[in-house]
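Chemist: Next comes the structure file structure-v8.txt, holding compact mmCIF, C-alpha atoms.
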# COMPACT_ATOMS: atom_id res chain seq x y z
CA MET F 716 138.80 -143.44 10.03
CA THR F 717 137.48 -144.90 13.25
CA PHE F 718 134.71 -143.28 15.28
CA LEU F 719 137.39 -141.91 17.61
CA ASP F 720 138.78 -139.79 14.74
CA TYR F 721 135.29 -138.45 14.06
CA ALA F 722 134.87 -137.65 17.76
CA VAL F 723 138.18 -135.75 17.76
CA LEU F 724 137.10 -133.82 14.65
CA LEU F 725 133.80 -132.93 16.34
CA GLY F 726 135.73 -131.81 19.42
CA PHE F 727 137.95 -129.60 17.22
CA ALA F 728 134.87 -128.05 15.61
CA LEU F 729 133.24 -127.29 18.99
CA VAL F 730 136.43 -125.80 20.48
CA ILE F 731 137.01 -123.64 17.39
CA LEU F 732 133.39 -122.42 17.60
CA GLY F 733 133.94 -121.51 21.25
CA VAL F 734 137.12 -119.55 20.39
CA ALA F 735 135.29 -117.79 17.55
CA LEU F 736 132.42 -116.73 19.83
CA ALA F 737 134.91 -115.48 22.44
CA SER F 738 136.78 -113.49 19.77
CA ILE F 739 133.52 -111.74 18.84
CA ARG F 740 133.32 -110.65 22.49
CA LEU F 741 137.01 -109.63 22.29
CA ILE F 742 136.24 -107.29 19.38
CA LYS F 743 132.89 -105.98 20.72
CA GLY F 744 133.72 -105.88 24.44
CA PRO F 745 132.55 -102.51 25.76
CA THR F 746 135.25 -102.29 28.47
CA LEU F 747 138.83 -103.50 28.83
CA ALA F 748 137.72 -105.96 31.53
CA ASP F 749 135.42 -107.73 29.03
CA ARG F 750 138.36 -108.13 26.66
CA ILE F 751 140.57 -109.54 29.44
CA VAL F 752 137.89 -112.14 30.29
CA ALA F 753 137.57 -113.13 26.62
CA LEU F 754 141.37 -113.43 26.21
CA ASP F 755 141.68 -115.50 29.40
CA MET F 756 139.04 -117.92 28.20
CA MET F 757 140.58 -118.18 24.73
CA THR F 758 143.87 -119.27 26.36
CA VAL F 759 142.07 -121.99 28.34
CA GLN F 760 140.41 -123.17 25.13
CA LEU F 761 143.76 -123.24 23.34
CA VAL F 762 144.93 -125.66 26.07
CA ALA F 763 142.02 -127.90 25.06
CA PHE F 764 143.04 -127.43 21.41
CA ALA F 765 146.58 -128.60 22.19
CA GLY F 766 145.14 -131.68 23.92
CA LEU F 767 143.03 -132.48 20.85
CA SER F 768 146.11 -132.06 18.64
CA ALA F 769 147.93 -134.59 20.83
CA LEU F 770 145.03 -137.03 20.30
CA GLN F 771 144.88 -136.50 16.53
CA SER F 772 148.61 -136.72 15.82
CA ARG F 773 149.29 -139.45 18.43
CA ASN F 774 152.16 -137.25 19.62
CA ALA F 775 152.41 -136.55 23.36
CA ALA F 776 154.71 -133.54 22.79
CA PHE F 777 151.60 -131.37 22.37
CA LEU F 778 150.92 -131.84 26.10
CA ASP F 779 154.03 -129.77 26.85
CA VAL F 780 152.50 -127.06 24.69
CA ALA F 781 149.33 -127.29 26.80
CA VAL F 782 151.21 -126.95 30.12
CA VAL F 783 153.28 -123.97 28.93
CA LEU F 784 150.23 -122.29 27.38
CA ALA F 785 148.33 -122.58 30.69
CA LEU F 786 151.30 -121.01 32.52
CA VAL F 787 151.75 -118.11 30.08
CA GLY F 788 148.01 -117.48 29.93
CA PHE F 789 147.79 -117.22 33.72
CA LEU F 790 150.70 -114.74 33.82
CA ALA F 791 149.15 -112.66 31.03
CA THR F 792 145.80 -112.52 32.83
CA VAL F 793 147.40 -111.50 36.14
CA CYS F 794 149.43 -108.74 34.42
CA LEU F 795 146.39 -107.40 32.54
CA ALA F 796 144.26 -107.37 35.71
CA ARG F 797 146.98 -105.50 37.61
CA TYR F 798 147.26 -103.03 34.72
CA LEU F 799 143.50 -102.44 34.75
CA GLU F 800 143.52 -101.64 38.47
CA ARG F 801 146.66 -99.48 38.35
CA ARG F 802 145.53 -97.53 35.29
CA ASN F 803 142.38 -96.47 37.09
CA ALA F 804 144.32 -95.36 40.18
CA ILE F 805 146.82 -93.35 38.09
CA ASN F 806 144.04 -91.64 36.12
CA ARG F 807 142.30 -90.66 39.35
CA GLU F 808 145.50 -89.14 40.77
CA ASP F 809 145.98 -87.15 37.56
CA ARG F 810 142.49 -85.69 37.76
CA GLU F 811 142.99 -84.34 41.28
CA MET E 599 137.22 -150.73 22.60
CA MET E 600 135.90 -149.59 25.97
CA ILE E 601 138.81 -147.15 26.27
CA GLU E 602 138.03 -145.71 22.83
CA LEU E 603 134.37 -145.23 23.75
CA LEU E 604 135.39 -143.47 26.97
CA VAL E 605 137.88 -141.23 25.12
CA ALA E 606 135.32 -140.30 22.47
CA PHE E 607 132.75 -139.47 25.15
CA LEU E 608 135.24 -137.30 27.07
CA VAL E 609 136.38 -135.48 23.90
CA VAL E 610 132.85 -134.66 22.78
CA GLY E 611 131.83 -133.63 26.31
CA GLY E 612 134.87 -131.39 26.66
CA GLY E 613 134.21 -129.83 23.27
CA PHE E 614 130.60 -129.18 24.26
CA PHE E 615 131.63 -127.40 27.47
CA CYS E 616 134.23 -125.30 25.57
CA PHE E 617 131.50 -124.29 23.12
CA ALA E 618 129.12 -123.49 26.00
CA ALA E 619 131.81 -121.29 27.59
CA GLY E 620 132.25 -119.33 24.35
CA LEU E 621 128.49 -118.93 23.98
CA GLY E 622 128.21 -117.74 27.59
CA VAL E 623 131.00 -115.19 27.18
CA LEU E 624 129.27 -113.81 24.11
CA ARG E 625 125.62 -113.83 25.28
CA LEU E 626 125.48 -113.28 29.06
CA PRO E 627 124.46 -109.78 30.17
CA ASP E 628 127.34 -108.30 32.20
CA LEU E 629 130.98 -108.88 33.05
CA LEU E 630 130.61 -110.59 36.41
CA VAL E 631 128.03 -113.01 34.96
CA ARG E 632 130.23 -113.66 31.92
CA MET E 633 133.15 -114.64 34.16
CA HIS E 634 130.90 -117.41 35.53
CA ALA E 635 130.83 -119.02 32.07
CA SER E 636 134.47 -118.40 31.19
CA THR E 637 136.09 -119.77 34.34
CA LYS E 638 133.86 -122.74 35.23
CA ALA E 639 132.76 -124.09 31.85
CA GLY E 640 136.09 -123.34 30.17
CA THR E 641 138.14 -125.10 32.84
CA LEU E 642 135.79 -128.11 32.85
CA GLY E 643 135.99 -128.46 29.06
CA SER E 644 139.79 -128.31 28.97
CA GLY E 645 140.01 -130.68 31.94
CA LEU E 646 137.77 -133.26 30.24
CA ILE E 647 139.83 -133.14 27.02
CA LEU E 648 143.12 -133.51 28.94
CA THR E 649 141.60 -136.48 30.81
CA ALA E 650 140.74 -137.98 27.41
CA VAL E 651 144.38 -137.60 26.34
CA ALA E 652 145.55 -139.38 29.51
CA PHE E 653 143.16 -142.30 28.85
CA ALA E 654 144.03 -142.51 25.13
CA PHE E 655 147.78 -142.89 25.66
CA LEU E 656 147.78 -144.87 28.95
CA GLU E 657 151.48 -144.18 29.61
CA GLY E 658 152.97 -142.96 32.87
CA THR E 659 154.72 -139.89 31.46
CA VAL E 660 151.72 -138.76 29.43
CA THR E 661 149.35 -139.22 32.38
CA ALA E 662 151.71 -137.25 34.62
CA ARG E 663 151.82 -134.35 32.18
CA ALA E 664 148.04 -134.35 31.66
CA VAL E 665 147.43 -134.41 35.44
CA ALA E 666 149.97 -131.58 35.87
CA ALA E 667 148.16 -129.47 33.26
CA ILE E 668 144.74 -130.15 34.86
CA VAL E 669 146.00 -129.34 38.38
CA PHE E 670 147.62 -126.17 37.07
CA LEU E 671 144.38 -125.07 35.39
CA LEU E 672 142.35 -125.82 38.53
CA LEU E 673 144.82 -123.85 40.69
CA THR E 674 145.15 -120.79 38.46
CA ALA E 675 141.58 -120.30 37.17
CA PRO E 676 140.12 -119.10 40.52
CA VAL E 677 143.11 -116.82 41.19
CA ALA E 678 142.89 -115.20 37.76
CA ALA E 679 139.11 -114.86 38.03
CA HIS E 680 139.41 -113.27 41.48
CA LEU E 681 141.98 -110.73 40.19
CA ILE E 682 139.90 -109.78 37.14
CA GLY E 683 136.70 -109.54 39.18
CA ARG E 684 138.35 -107.41 41.86
CA ALA E 685 139.92 -105.04 39.31
CA ALA E 686 136.69 -104.79 37.33
CA PHE E 687 134.50 -104.18 40.40
CA ARG E 688 136.86 -101.52 41.75
CA THR E 689 137.06 -99.70 38.45
CA GLY E 690 133.26 -99.69 38.37
CA VAL E 691 132.26 -101.69 35.29
CA PRO E 692 128.63 -101.23 34.20
CA MET E 693 126.38 -103.90 35.71
CA ASP E 694 123.14 -105.40 34.50
CA ALA E 695 119.97 -104.21 36.26
CA LYS E 696 119.47 -107.67 37.77
CA THR E 697 122.99 -107.85 39.25
CA ARG E 698 122.68 -106.80 42.89
CA CYS E 699 125.41 -105.71 45.25
CA GLU E 700 125.37 -105.11 48.99
CA PRO E 701 123.89 -101.65 49.74
CA GLY E 702 126.52 -98.94 50.18
CA VAL E 703 129.50 -100.91 48.84
CA ALA E 704 129.44 -99.51 45.31
CA GLU E 705 129.05 -95.92 46.56
CA ALA E 706 131.91 -96.35 49.06
CA LEU E 707 134.19 -97.67 46.30
CA HIS E 708 133.37 -94.91 43.86
CA HIS E 709 133.85 -92.08 46.39
CA ARG E 710 137.13 -93.41 47.75
CA GLN E 711 139.92 -91.01 48.71
CA PRO E 712 143.00 -91.05 46.43
CA ASP E 713 145.38 -92.14 49.23
CA GLU E 714 143.36 -95.36 49.51
CA ALA E 715 144.13 -96.23 45.89
CA PRO E 716 144.95 -99.94 45.33
CA ARG E 717 148.62 -100.76 45.36
Spell out the structure here as structure tokens.
Modeler:
Amino acid sequence: MTFLDYAVLLGFALVILGVALASIRLIKGPTLADRIVALDMMTVQLVAFAGLSALQSRNAAFLDVAVVLALVGFLATVCLARYLERRNAINREDRE
Amino acid sequence: MMIELLVAFLVVGGGFFCFAAGLGVLRLPDLLVRMHASTKAGTLGSGLILTAVAFAFLEGTVTARAVAAIVFLLLTAPVAAHLIGRAAFRTGVPMDAKTRCEPGVAEALHHRQPDEAPR
């Protein structure tokens, strides 16, 4: 193993730690908005994970995974944010 | 050799910023402050690692895909953050005591008439 392999392993460890900390917030999160923020950031970190996989396996196909993951994560975040706003409006109309 | 040093530096730096983003999302006091960590540090960490991939392969197609992914992240992160922040602020998430907001805005949002509901 060269020092580059060790650096990639260290990068994997740090990214996995970041995802783990965000998933604690995903479970704890007092409101739905906290959970949306945690999920959004976990998607961005999975993009970094795909990049590290491309480095480790010397296979550039993982970059396609990264691009598609960024796209799907953005759509998911937009949908969840719209849902959060709409849900509040619908609940308010029901109360009145 | 120089390329490998640069790639290792970028990978470890990107991993550090990803870790810092996770730590910030877990430890910072309220939602609007947490979004500061998740959008800025998270995007920077992923961008650094994708730059490392571009330098490690040094091929045109790989560089193009890495640059496309970075540009896409940089374009979408502010939009997503704006949408979450807007939805959260309008639904009235609890804020930390130190988080200030312009006087009167929060009251006006919370006492809004139903026909002004967001579309």
Chemist: Using only C-alpha atoms, determine which residues of chain F fall within 8 Å of chain E; present them as a ChimeraX atom specification.
Modeler: /F:718-719,722-723,725-737,739-740,746,748-749,751-753,755-756,759-760,762-763,766-767,769-770,775,778-779,781-782,785-786,789,792-793,796-797,799-801,803-804,807-808
Chemist: Suppose you want the space between CA of Ser738 in chain F and CA of Met757 in chain F; what is it in Å?
Modeler: 7.8 Å
Chemist: Around range 609-616 of chain E, with edges along x, y and z and 6 Å added on all six sides, what centre and edge lengths do you get, in Å to one decimal, as lines of an AutoDock Vina configuration file?
Modeler:
center_x = 133.5
center_y = -130.4
center_z = 25.1
size_x = 17.8
size_y = 22.2
size_z = 16.7
Chemist: For a test of reading the model, state the distance in Å between CA of Ala695 in chain E and CA of Arg802 in chain F, rounded to one decimal.
Modeler: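 Straight-line distance from CA of Ala695 in chain E to CA of Arg802 in chain F works out to 26.4 Å.
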Chemist: Quick one, how far is CA of Asp720 in chain F from CA of Ile601 in chain E?
Modeler: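 Here the two named atoms are 13.7 Å from each other.
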